[in-house]
>>> print(open('run-v8.cif').read())   # mmCIF, C-alpha atoms and all ligand atoms
data_coords
#
loop_
_atom_site.label_atom_id
_atom_site.label_comp_id
_atom_site.auth_asym_id
_atom_site.auth_seq_id
_atom_site.Cartn_x
_atom_site.Cartn_y
_atom_site.Cartn_z
CA MET A 10 79.64 -54.93 40.30
CA ASN A 11 79.86 -56.45 43.73
CA ILE A 12 76.70 -58.55 44.01
CA PRO A 13 76.32 -60.26 47.42
CA ALA A 14 77.05 -64.01 47.00
CA GLU A 15 73.68 -65.03 48.48
CA VAL A 16 71.94 -62.87 45.84
CA ASP A 17 74.16 -64.05 43.00
CA ARG A 18 73.18 -67.64 43.78
CA LEU A 19 69.51 -66.72 43.18
CA LYS A 20 70.16 -65.01 39.83
CA ASP A 21 68.55 -67.66 37.62
CA GLU A 22 65.67 -68.25 40.02
CA MET A 23 64.83 -64.52 40.02
CA VAL A 24 64.70 -64.56 36.21
CA ARG A 25 62.37 -67.58 36.31
CA TRP A 26 60.04 -65.82 38.81
CA ARG A 27 60.07 -62.64 36.75
CA ARG A 28 59.19 -64.40 33.51
CA HIS A 29 56.51 -66.54 35.19
CA LEU A 30 54.86 -63.34 36.46
CA HIS A 31 55.39 -61.55 33.13
CA ALA A 32 53.41 -64.23 31.27
CA ARG A 33 50.49 -63.94 33.75
CA PRO A 34 49.73 -60.24 34.17
CA GLU A 35 46.81 -59.14 36.34
CA LEU A 36 45.31 -55.66 36.74
CA GLY A 37 45.10 -53.68 39.97
CA PHE A 38 43.14 -55.41 42.78
CA GLU A 39 42.84 -58.49 40.56
CA GLU A 40 46.31 -59.84 41.45
CA VAL A 41 44.93 -63.12 42.84
CA ASP A 42 47.22 -65.63 41.10
CA THR A 43 50.11 -63.19 41.41
CA ALA A 44 49.61 -62.91 45.18
CA ARG A 45 49.35 -66.68 45.53
CA PHE A 46 52.58 -67.18 43.58
CA VAL A 47 54.42 -64.58 45.66
CA ALA A 48 53.09 -66.05 48.93
CA ASP A 49 54.14 -69.57 47.88
CA VAL A 50 57.70 -68.46 47.06
CA LEU A 51 58.02 -66.52 50.32
CA ARG A 52 56.81 -69.50 52.41
CA GLU A 53 59.07 -71.88 50.51
CA LYS A 54 61.95 -69.57 51.49
CA GLY A 55 61.00 -69.71 55.18
CA ILE A 56 59.24 -66.36 55.45
CA ASP A 57 55.95 -65.77 57.35
CA VAL A 58 53.19 -64.39 55.12
CA VAL A 59 49.96 -62.52 55.82
CA GLU A 60 47.68 -62.19 52.80
CA GLY A 61 44.72 -59.91 52.11
CA ILE A 62 46.26 -56.60 53.22
CA GLY A 63 44.69 -53.96 50.93
CA ARG A 64 42.58 -56.65 49.20
CA THR A 65 45.15 -58.48 47.02
CA GLY A 66 48.25 -57.19 48.83
CA LEU A 67 50.43 -59.28 51.16
CA VAL A 68 53.30 -58.90 53.60
CA GLY A 69 56.16 -61.30 54.34
CA THR A 70 58.01 -60.94 57.63
CA LEU A 71 61.52 -62.12 58.51
CA LYS A 72 63.40 -61.70 61.79
CA GLY A 73 67.19 -61.51 61.92
CA LYS A 74 69.35 -64.01 63.85
CA HIS A 75 70.90 -61.29 66.04
CA GLY A 76 67.81 -60.57 68.15
CA LYS A 77 65.87 -57.38 68.63
CA GLY A 78 66.33 -54.30 66.49
CA PRO A 79 64.43 -51.77 64.39
CA SER A 80 61.93 -52.71 61.68
CA LEU A 81 62.40 -51.94 58.02
CA GLY A 82 59.91 -52.19 55.15
CA LEU A 83 60.77 -53.02 51.52
CA ARG A 84 57.97 -52.61 49.01
CA ALA A 85 57.22 -53.89 45.48
CA ASP A 86 54.15 -53.22 43.34
CA MET A 87 52.23 -56.05 41.67
CA ASP A 88 49.82 -54.81 38.99
CA ALA A 89 49.98 -54.91 35.20
CA LEU A 90 48.45 -52.51 32.65
CA PRO A 91 45.44 -52.86 30.29
CA MET A 92 47.57 -53.10 27.12
CA THR A 93 48.44 -55.79 24.60
CA GLU A 94 52.11 -56.75 24.38
CA ALA A 95 53.61 -56.13 20.93
CA ARG A 96 56.68 -58.37 21.08
CA ALA A 97 56.61 -62.16 20.70
CA LEU A 98 58.94 -62.89 23.62
CA PRO A 99 59.06 -66.57 24.70
CA TYR A 100 57.57 -65.51 28.06
CA ALA A 101 55.19 -62.86 26.60
CA SER A 102 51.83 -62.13 28.20
CA ARG A 103 49.34 -64.96 27.73
CA VAL A 104 46.42 -62.60 28.32
CA PRO A 105 45.36 -60.28 25.48
CA GLY A 106 44.80 -56.75 26.77
CA ARG A 107 47.01 -57.31 29.83
CA MET A 108 50.71 -56.57 30.04
CA HIS A 109 53.43 -56.03 32.63
CA ALA A 110 54.50 -52.86 30.80
CA CYS A 111 55.81 -51.02 33.85
CA GLY A 112 58.18 -53.71 35.15
CA HIS A 113 56.24 -54.54 38.29
CA ASP A 114 56.96 -58.20 37.43
CA GLY A 115 60.63 -57.31 37.87
CA HIS A 116 60.03 -55.40 41.10
CA MET A 117 58.29 -58.47 42.59
CA ALA A 118 61.10 -60.80 41.45
CA THR A 119 63.64 -58.40 42.96
CA LEU A 120 61.90 -58.34 46.31
CA LEU A 121 61.47 -62.13 46.29
CA GLY A 122 65.20 -62.42 45.60
CA ALA A 123 66.09 -60.04 48.43
CA ALA A 124 63.73 -61.93 50.77
CA ALA A 125 65.18 -65.32 49.84
CA ALA A 126 68.77 -64.05 50.20
CA LEU A 127 68.10 -62.45 53.59
CA SER A 128 66.28 -65.59 54.76
CA SER A 129 69.34 -67.68 53.88
CA THR A 130 71.69 -65.56 56.04
CA ARG A 131 69.43 -63.65 58.49
CA ASN A 132 72.53 -61.61 59.21
CA PHE A 133 70.75 -58.71 60.90
CA ALA A 134 69.07 -57.64 64.15
CA GLY A 135 65.38 -56.72 64.02
CA THR A 136 62.66 -57.29 61.47
CA VAL A 137 62.17 -56.87 57.73
CA HIS A 138 58.69 -56.63 56.22
CA PHE A 139 58.43 -57.45 52.51
CA ILE A 140 55.43 -55.44 51.32
CA PHE A 141 53.78 -56.57 48.07
CA GLN A 142 51.37 -53.81 47.08
CA PRO A 143 48.51 -54.13 44.58
CA ALA A 144 47.08 -51.52 42.20
CA GLU A 145 49.88 -48.98 41.89
CA GLU A 146 48.72 -47.65 38.50
CA GLY A 147 46.30 -45.01 39.77
CA GLN A 148 43.83 -47.22 41.64
CA GLY A 149 45.02 -46.50 45.17
CA GLY A 150 46.70 -49.76 46.20
CA ALA A 151 49.06 -48.05 48.68
CA LEU A 152 46.14 -46.25 50.33
CA ALA A 153 44.20 -49.54 50.51
CA MET A 154 47.08 -51.19 52.41
CA LEU A 155 47.42 -48.18 54.72
CA ALA A 156 43.65 -48.20 55.37
CA ASP A 157 44.00 -51.89 56.33
CA GLY A 158 46.47 -50.88 59.05
CA LEU A 159 49.66 -51.84 57.21
CA PHE A 160 52.00 -49.98 59.57
CA ASP A 161 49.99 -50.93 62.70
CA SER A 162 50.16 -54.66 61.93
CA PHE A 163 53.67 -54.46 60.45
CA PRO A 164 55.45 -51.55 62.16
CA CYS A 165 58.21 -50.07 60.00
CA ASP A 166 60.70 -47.46 61.24
CA GLU A 167 61.74 -46.78 57.66
CA ILE A 168 60.63 -47.91 54.19
CA TYR A 169 62.25 -48.33 50.78
CA ALA A 170 61.19 -49.11 47.21
CA TYR A 171 62.64 -48.83 43.74
CA HIS A 172 61.49 -48.50 40.14
CA ASN A 173 63.28 -49.52 36.97
CA SER A 174 64.15 -46.58 34.71
CA GLU A 175 65.03 -46.02 31.04
CA ARG A 176 68.37 -44.55 32.18
CA PRO A 177 71.57 -46.39 31.20
CA PHE A 178 71.96 -49.93 32.57
CA GLY A 179 73.24 -50.07 36.13
CA GLN A 180 72.81 -46.39 37.02
CA VAL A 181 71.30 -45.89 40.46
CA VAL A 182 69.42 -42.60 40.79
CA VAL A 183 68.78 -41.27 44.28
CA TYR A 184 67.02 -38.01 45.16
CA ASP A 185 67.42 -36.29 48.53
CA THR A 186 63.89 -34.89 48.54
CA VAL A 187 61.20 -34.92 45.88
CA VAL A 188 61.51 -37.72 43.28
CA ALA A 189 58.09 -37.99 41.59
CA ALA A 190 55.17 -35.66 40.94
CA ALA A 191 51.74 -35.37 42.47
CA ALA A 192 48.95 -36.27 40.05
CA ASP A 193 45.33 -35.15 40.46
CA ARG A 194 42.35 -35.87 38.25
CA PHE A 195 39.51 -33.38 37.96
CA THR A 196 36.16 -33.54 36.20
CA ILE A 197 34.21 -30.33 35.61
CA THR A 198 30.62 -30.63 34.45
CA ILE A 199 29.02 -27.39 33.23
CA ARG A 200 25.22 -27.46 33.24
CA GLY A 201 23.49 -24.86 31.09
CA ARG A 202 20.22 -25.05 29.19
CA GLY A 203 19.95 -26.65 25.75
CA GLY A 204 18.17 -25.15 22.80
CA HIS A 205 18.18 -24.42 19.08
CA ALA A 206 21.43 -23.19 17.55
CA ALA A 207 19.46 -20.35 15.91
CA THR A 208 18.17 -19.00 19.24
CA PRO A 209 21.10 -19.01 21.66
CA HIS A 210 19.50 -16.13 23.60
CA LEU A 211 16.86 -18.61 24.81
CA ALA A 212 19.48 -21.13 25.96
CA ILE A 213 22.48 -21.15 28.31
CA ASP A 214 25.26 -22.49 26.11
CA PRO A 215 27.76 -24.52 28.17
CA LEU A 216 30.33 -24.69 25.35
CA PRO A 217 31.84 -21.17 25.48
CA ILE A 218 31.85 -21.47 29.29
CA ALA A 219 33.83 -24.72 29.06
CA ALA A 220 36.20 -23.11 26.54
CA ARG A 221 36.85 -20.13 28.87
CA ILE A 222 37.46 -22.47 31.81
CA LEU A 223 39.90 -24.57 29.76
CA LEU A 224 41.97 -21.56 28.70
CA ALA A 225 41.93 -20.07 32.19
CA ILE A 226 43.00 -23.19 34.10
CA GLU A 227 45.69 -24.33 31.64
CA GLY A 228 47.21 -20.87 32.04
CA LEU A 229 47.48 -21.09 35.84
CA PRO A 230 50.95 -22.70 36.27
CA GLY A 231 53.63 -20.06 36.23
CA ARG A 232 51.08 -17.25 36.77
CA LEU A 233 49.28 -18.32 39.92
CA THR A 234 52.15 -20.56 41.03
CA ASP A 235 55.87 -19.87 41.34
CA ALA A 236 57.50 -20.62 37.98
CA SER A 237 60.51 -22.13 39.77
CA SER A 238 58.29 -24.99 41.01
CA PRO A 239 57.25 -27.05 37.95
CA ALA A 240 53.52 -27.61 37.46
CA VAL A 241 51.22 -28.51 34.57
CA VAL A 242 47.44 -28.40 34.14
CA THR A 243 46.18 -30.37 31.13
CA VAL A 244 42.61 -30.90 30.00
CA GLY A 245 42.73 -34.25 28.21
CA SER A 246 39.05 -34.62 27.45
CA LEU A 247 36.36 -32.09 26.49
CA HIS A 248 32.89 -33.35 25.57
CA ALA A 249 29.72 -31.49 24.65
CA GLY A 250 26.92 -31.90 22.17
CA ASP A 251 26.29 -34.16 19.17
CA ALA A 252 24.67 -31.95 16.51
CA PHE A 253 25.74 -28.88 14.53
CA ASN A 254 22.41 -27.13 15.04
CA THR A 255 21.75 -27.82 18.70
CA ILE A 256 22.99 -26.22 21.91
CA PRO A 257 23.61 -29.04 24.40
CA ASP A 258 22.63 -29.05 28.08
CA GLN A 259 26.08 -29.73 29.41
CA ALA A 260 29.81 -29.82 28.74
CA THR A 261 32.39 -31.91 30.57
CA LEU A 262 36.11 -31.28 30.94
CA ILE A 263 38.42 -33.96 32.39
CA GLY A 264 42.03 -33.18 33.15
CA THR A 265 45.03 -33.59 35.38
CA VAL A 266 47.30 -31.47 37.58
CA ARG A 267 50.98 -32.48 37.91
CA CYS A 268 53.41 -30.80 40.30
CA PHE A 269 56.09 -31.53 42.91
CA ASP A 270 54.84 -29.52 45.84
CA GLU A 271 51.76 -30.08 48.02
CA ASP A 272 51.17 -26.32 48.47
CA VAL A 273 51.28 -25.80 44.69
CA ARG A 274 48.89 -28.72 44.25
CA LEU A 275 46.41 -27.29 46.75
CA LYS A 276 46.62 -23.80 45.25
CA LEU A 277 45.87 -25.16 41.77
CA GLU A 278 42.97 -27.29 43.01
CA GLN A 279 41.41 -24.27 44.74
CA ALA A 280 41.90 -22.06 41.68
CA ILE A 281 40.36 -24.65 39.32
CA ARG A 282 37.30 -24.87 41.59
CA ARG A 283 37.06 -21.07 41.85
CA ILE A 284 37.38 -20.46 38.10
CA ALA A 285 34.90 -23.18 37.14
CA ASP A 286 32.34 -21.96 39.69
CA SER A 287 32.65 -18.28 38.83
CA GLU A 288 32.75 -18.69 35.03
CA ALA A 289 29.65 -20.88 35.17
CA ALA A 290 27.85 -18.51 37.54
CA ALA A 291 28.78 -15.46 35.45
CA HIS A 292 26.82 -16.97 32.55
CA GLY A 293 23.90 -18.38 34.48
CA ALA A 294 25.13 -21.97 34.44
CA THR A 295 26.34 -24.22 37.24
CA ALA A 296 29.58 -26.20 37.59
CA ARG A 297 30.00 -29.51 39.38
CA ILE A 298 33.64 -30.25 40.17
CA ALA A 299 35.15 -33.57 41.26
CA HIS A 300 38.82 -33.32 42.14
CA GLU A 301 40.83 -36.29 43.46
CA THR A 302 44.46 -36.82 44.32
CA LEU A 303 45.64 -40.03 42.65
CA PHE A 304 49.25 -39.62 43.75
CA ALA A 305 50.85 -37.38 46.36
CA PRO A 306 54.31 -35.96 45.56
CA THR A 307 56.89 -38.67 46.31
CA VAL A 308 59.29 -37.14 48.82
CA ASN A 309 62.37 -38.90 50.19
CA SER A 310 64.07 -38.25 53.50
CA ALA A 311 67.58 -36.95 52.77
CA MET A 312 69.01 -39.12 55.55
CA HIS A 313 67.47 -42.32 54.19
CA ALA A 314 68.46 -41.36 50.64
CA GLY A 315 72.02 -41.29 51.99
CA PHE A 316 71.66 -44.85 53.30
CA VAL A 317 70.50 -46.02 49.85
CA ARG A 318 73.48 -44.30 48.19
CA GLU A 319 75.89 -46.08 50.57
CA ALA A 320 74.32 -49.49 49.98
CA ALA A 321 74.14 -48.88 46.22
CA ALA A 322 77.77 -47.76 46.07
CA GLU A 323 78.79 -51.02 47.77
CA VAL A 324 76.90 -53.07 45.15
CA ALA A 325 77.19 -51.02 41.95
CA GLY A 326 80.19 -48.78 42.67
CA THR A 327 80.22 -45.02 43.36
CA ASP A 328 80.45 -44.21 39.62
CA ALA A 329 76.99 -45.72 39.13
CA ILE A 330 75.29 -43.30 41.54
CA ARG A 331 73.44 -40.25 40.20
CA ARG A 332 72.39 -37.78 42.90
CA ASN A 333 69.47 -35.39 42.27
CA PRO A 334 69.28 -35.16 38.45
CA PRO A 335 66.32 -33.01 37.24
CA PRO A 336 63.18 -34.90 38.29
CA GLU A 337 60.56 -36.10 35.81
CA LEU A 338 56.80 -35.50 36.08
CA GLY A 339 55.93 -39.17 36.55
CA SER A 340 53.95 -40.27 39.60
CA GLU A 341 54.17 -43.10 42.11
CA ASP A 342 51.80 -44.15 44.85
CA PHE A 343 54.59 -45.23 47.24
CA SER A 344 54.25 -41.47 47.91
CA PHE A 345 51.37 -42.23 50.32
CA MET A 346 53.52 -44.67 52.29
CA LEU A 347 56.34 -42.11 52.41
CA GLN A 348 53.86 -39.61 53.87
CA SER A 349 53.49 -41.83 56.94
CA ARG A 350 57.01 -43.31 57.28
CA PRO A 351 60.43 -41.87 56.33
CA GLY A 352 62.38 -43.61 53.63
CA CYS A 353 63.59 -43.50 50.07
CA TYR A 354 62.30 -44.39 46.60
CA PHE A 355 65.14 -44.82 44.11
CA LEU A 356 65.59 -45.72 40.44
CA VAL A 357 67.77 -48.35 38.75
CA GLY A 358 68.61 -47.79 35.08
CA GLN A 359 67.91 -50.70 32.74
CA GLY A 360 68.64 -49.15 29.34
CA ASP A 361 70.80 -51.28 27.05
CA ALA A 362 70.65 -52.35 23.38
CA GLU A 363 67.72 -54.76 24.00
CA HIS A 364 65.85 -52.48 26.42
CA GLN A 365 65.20 -49.15 24.71
CA ALA A 366 61.40 -49.00 25.08
CA VAL A 367 60.13 -46.89 27.96
CA ALA A 368 57.61 -48.10 30.54
CA HIS A 369 53.95 -48.15 29.39
CA ASP A 370 55.07 -48.83 25.78
CA VAL A 371 53.74 -51.99 24.08
CA ASN A 372 57.38 -52.90 23.25
CA TYR A 373 58.61 -52.51 26.83
CA ASP A 374 60.22 -55.36 28.76
CA PHE A 375 61.87 -55.37 32.18
CA ASN A 376 65.63 -55.99 32.00
CA ASP A 377 66.45 -59.13 34.00
CA ARG A 378 70.07 -57.99 34.35
CA ILE A 379 69.07 -55.43 36.98
CA LEU A 380 67.48 -58.07 39.26
CA PRO A 381 70.69 -58.93 41.16
CA ILE A 382 71.70 -55.25 41.38
CA ALA A 383 68.43 -54.08 42.90
CA ALA A 384 68.10 -57.14 45.16
CA GLY A 385 71.74 -56.67 46.21
CA ILE A 386 71.05 -53.04 47.17
CA PHE A 387 68.04 -54.12 49.29
CA VAL A 388 70.15 -56.80 51.03
CA ARG A 389 73.04 -54.44 51.81
CA LEU A 390 70.59 -51.77 52.96
CA VAL A 391 69.02 -54.19 55.47
CA GLU A 392 72.41 -55.42 56.72
CA ARG A 393 73.64 -51.84 57.21
CA ARG A 394 70.48 -50.40 58.79
CA LEU A 395 69.83 -53.45 60.98
CA ALA A 396 73.45 -54.23 61.87
CA PRO A 397 73.71 -55.80 65.36
CA GLY A 398 74.46 -53.09 67.91
CA ALA A 399 73.84 -50.28 65.38
ZN ZN B 1 53.43 -47.54 35.50
ZN ZN B 2 55.47 -48.66 37.68
#
>>> encode(input="run-v8.cif", output="structure tokens", more="lines below")
Ligand SMILES: [Zn+2]
Ligand SMILES: [Zn+2]
Amino acid sequence: MNIPAEVDRLKDEMVRWRRHLHARPELGFEEVDTARFVADVLREKGIDVVEGIGRTGLVGTLKGKHGKGPSLGLRADMDALPMTEARALPYASRVPGRMHACGHDGHMATLLGAAAALSSTRNFAGTVHFIFQPAEEGQGGALAMLADGLFDSFPCDEIYAYHNSERPFGQVVVYDTVVAAAADRFTITIRGRGGHAATPHLAIDPLPIAARILLAIEGLPGRLTDASSPAVVTVGSLHAGDAFNTIPDQATLIGTVRCFDEDVRLKLEQAIRRIADSEAAAHGATARIAHETLFAPTVNSAMHAGFVREAAAEVAGTDAIRRNPPPELGSEDFSFMLQSRPGCYFLVGQGDAEHQAVAHDVNYDFNDRILPIAAGIFVRLVERRLAPGA
């Protein structure tokens, strides 16, 4: 490890920030105390702050000491999950039913550390925007910031973010193109006509229609879409009726589409709509379909992925870098920011003896040992990309 000295000095402070935030988790768009804490630390470290971008989001801005240059954005997410922490850690969540189970407490502490380190040296030309984004866990926090004019008010030529990963401690995983999946949610409501179970000919039974739709749409990936591009359709909820002797009026299916490619996503959405409509119509029922994209596919720019690899190699050594391992079907809403600015989303492995639980598990905890690594990568990335005369 070759942690920059100005980051190493902040090691203990980063741990304190992380544990303070861990004990006080807030859900998406409710990150009021979290935002205030982050803003206070940034100001204390000499960084300008604008709050209320995307409701509870905020942006810190720092200019280098070497004059004009490009602008670079670094982003951390802020929200916790509606879960109850299982472990009795000294800094465990003080709020039942709320938990930083995805490590966003660690991402914030990392970005605060990078901001404080860069503020102490300002050894770059141009501007860095520290973007603290609310509501990453499926509530559209990135889109809310973009809708508030994030990149108009805080122009960024390129943007970067990272997520902790269950991979071995210290590994830095960088993908040249797609790194996380698109995730859609659909709700299909079949309206038939209720009646007595003994006289189905007088009713329009929505249940067999819903069953046909379920089997048809779950079978789409690999038949409708190219099997070499991974995709999954899963119906996670199917509700209809309450009684054994009654045909209900309606049936509702709720499910998700996961894939890596926008064309595949669109094709599946269109097919789900087509199948639901035509199956319902074929049996005299109607289908109402709501389909929303919660996450776009997260796609890196190969060039900017290269910059992350160089900065990460300087901090963690070339042996720590993993380039393009098979991607996983997780999702990330930094995807929407990467649709409007080029950049790279990378992963830092935190797995060691004390950190075996995966994110979204009640036993999960962020590994504080990766704070200086990730903050160090951000600092080196800024110094390289915004080097005077570069
Ligand atoms: Zn998560
Ligand atoms: Zn997360």
>>> residues_near_ligand(input="run-v8.cif", ligand="ligand ZN 1 (chain B)", cutoff="9 Å", atoms="all atoms listed in the file", output="PyMOL selection string")
chain A and resi 88-90+109-113+145-147+339-341+368-369
>>> write_last_selection(input="run-v8.cif", atoms="C-alpha atoms", output="short mmCIF file (atom, residue, chain, number, x, y, z; two decimals), in the coordinates of the input")
data_model
loop_
_atom_site.label_atom_id
_atom_site.label_comp_id
_atom_site.auth_asym_id
_atom_site.auth_seq_id
_atom_site.Cartn_x
_atom_site.Cartn_y
_atom_site.Cartn_z
CA ASP A 88 49.82 -54.81 38.99
CA ALA A 89 49.98 -54.91 35.20
CA LEU A 90 48.45 -52.51 32.65
CA HIS A 109 53.43 -56.03 32.63
CA ALA A 110 54.50 -52.86 30.80
CA CYS A 111 55.81 -51.02 33.85
CA GLY A 112 58.18 -53.71 35.15
CA HIS A 113 56.24 -54.54 38.29
CA GLU A 145 49.88 -48.98 41.89
CA GLU A 146 48.72 -47.65 38.50
CA GLY A 147 46.30 -45.01 39.77
CA GLY A 339 55.93 -39.17 36.55
CA SER A 340 53.95 -40.27 39.60
CA GLU A 341 54.17 -43.10 42.11
CA ALA A 368 57.61 -48.10 30.54
CA HIS A 369 53.95 -48.15 29.39
#
>>> residues_around(input="run-v8.cif", residues="Pro105 of chain A", least_positions_apart="3", cutoff="8 Å", atoms="all atoms listed in the file", output="number ranges by chain")
A: 92-94, 102, 108
>>> residues_around(input="run-v8.cif", residues="Ala134 of chain A", least_positions_apart="5", cutoff="12 Å", atoms="all atoms listed in the file", output="JSON, numbers by chain")
{"A": [71, 72, 73, 74, 75, 76, 77, 78, 79, 80, 81, 127, 391, 392, 393, 394, 395, 396, 397, 398, 399]}
>>> closest_residue(input="run-v8.cif", among="A:Tyr171, A:Phe141, A:Tyr184, A:Phe387", to="ligand ZN 2 (chain B)", atoms="only C-alpha atoms and all ligand atoms")
A:Tyr171
>>> closest_residue(input="run-v8.cif", among="A:Pro306, A:Pro257, A:Gly203, A:Gly82", to="Leu338 of chain A", atoms="only C-alpha atoms")
A:Pro306
>>> residues_near_point(input="run-v8.cif", point="(30.9, -18.3, 36.2)", cutoff="12 Å", atoms="all atoms listed in the file", output="number ranges by chain")
A: 199-201, 213, 215, 217-219, 221-222, 225, 281-297
>>> residues_around(input="run-v8.cif", residues="Gly158 of chain A", least_positions_apart="5", cutoff="12 Å", atoms="all atoms listed in the file", output="short mmCIF file (atom, residue, chain, number, x, y, z; two decimals) with C-alpha atoms, in the frame of the given file")
data_model
loop_
_atom_site.label_atom_id
_atom_site.label_comp_id
_atom_site.auth_asym_id
_atom_site.auth_seq_id
_atom_site.Cartn_x
_atom_site.Cartn_y
_atom_site.Cartn_z
CA GLY A 61 44.72 -59.91 52.11
CA ILE A 62 46.26 -56.60 53.22
CA GLY A 63 44.69 -53.96 50.93
CA VAL A 68 53.30 -58.90 53.60
CA ALA A 151 49.06 -48.05 48.68
CA LEU A 152 46.14 -46.25 50.33
CA ALA A 153 44.20 -49.54 50.51
CA PHE A 163 53.67 -54.46 60.45
CA PRO A 164 55.45 -51.55 62.16
CA CYS A 165 58.21 -50.07 60.00
CA MET A 346 53.52 -44.67 52.29
CA SER A 349 53.49 -41.83 56.94
#
>>> closest_residue(input="run-v8.cif", among="A:Met87, A:Leu30, A:Val308, A:Leu155", to="ligand ZN 2 (chain B)", atoms="all atoms listed in the file")
A:Met87
>>> atom_distance(input="run-v8.cif", atom1="atom CA of Ala189 of chain A", atom2="atom CA of Gly150 of chain A")
17.0 Å
>>> atom_distance(input="run-v8.cif", atom1="atom CA of Arg131 of chain A", atom2="atom CA of His172 of chain A")
25.1 Å
>>> build_atoms(input="run-v8.cif", residues="segment 392-397 of chain A", atoms="all heavy atoms", output="short mmCIF file (atom, residue, chain, number, x, y, z; two decimals), in the frame of the given file")
data_model
loop_
_atom_site.label_atom_id
_atom_site.label_comp_id
_atom_site.auth_asym_id
_atom_site.auth_seq_id
_atom_site.Cartn_x
_atom_site.Cartn_y
_atom_site.Cartn_z
N GLU A 392 71.28 -55.05 55.86
CA GLU A 392 72.41 -55.42 56.72
C GLU A 392 73.05 -54.20 57.37
O GLU A 392 73.54 -54.27 58.50
CB GLU A 392 73.46 -56.19 55.91
CG GLU A 392 72.97 -57.59 55.55
CD GLU A 392 73.89 -58.29 54.54
OE1 GLU A 392 74.81 -57.62 53.99
OE2 GLU A 392 73.68 -59.48 54.31
N ARG A 393 73.05 -53.06 56.66
CA ARG A 393 73.64 -51.84 57.21
C ARG A 393 72.72 -51.20 58.25
O ARG A 393 73.15 -50.81 59.32
CB ARG A 393 73.88 -50.82 56.09
CG ARG A 393 75.08 -51.15 55.23
CD ARG A 393 75.07 -50.35 53.94
NE ARG A 393 76.39 -50.41 53.31
CZ ARG A 393 77.37 -49.52 53.54
NH1 ARG A 393 77.16 -48.49 54.34
NH2 ARG A 393 78.53 -49.66 52.94
N ARG A 394 71.43 -51.09 57.90
CA ARG A 394 70.48 -50.40 58.79
C ARG A 394 70.14 -51.25 60.00
O ARG A 394 69.79 -50.70 61.05
CB ARG A 394 69.20 -50.05 58.01
CG ARG A 394 69.41 -49.05 56.89
CD ARG A 394 69.94 -47.72 57.41
NE ARG A 394 69.01 -47.09 58.33
CZ ARG A 394 69.38 -46.37 59.38
NH1 ARG A 394 70.65 -46.21 59.68
NH2 ARG A 394 68.47 -45.83 60.16
N LEU A 395 70.18 -52.57 59.87
CA LEU A 395 69.83 -53.45 60.98
C LEU A 395 71.06 -54.21 61.47
O LEU A 395 70.96 -55.36 61.90
CB LEU A 395 68.71 -54.43 60.57
CG LEU A 395 67.41 -53.82 60.00
CD1 LEU A 395 66.37 -54.92 59.75
CD2 LEU A 395 66.82 -52.77 60.93
N ALA A 396 72.23 -53.58 61.38
CA ALA A 396 73.45 -54.23 61.87
C ALA A 396 73.35 -54.42 63.38
O ALA A 396 72.86 -53.53 64.08
CB ALA A 396 74.66 -53.37 61.51
N PRO A 397 73.78 -55.58 63.92
CA PRO A 397 73.71 -55.80 65.36
C PRO A 397 74.46 -54.69 66.10
O PRO A 397 75.59 -54.35 65.72
CB PRO A 397 74.40 -57.15 65.54
CG PRO A 397 74.42 -57.78 64.21
CD PRO A 397 74.40 -56.69 63.20
#
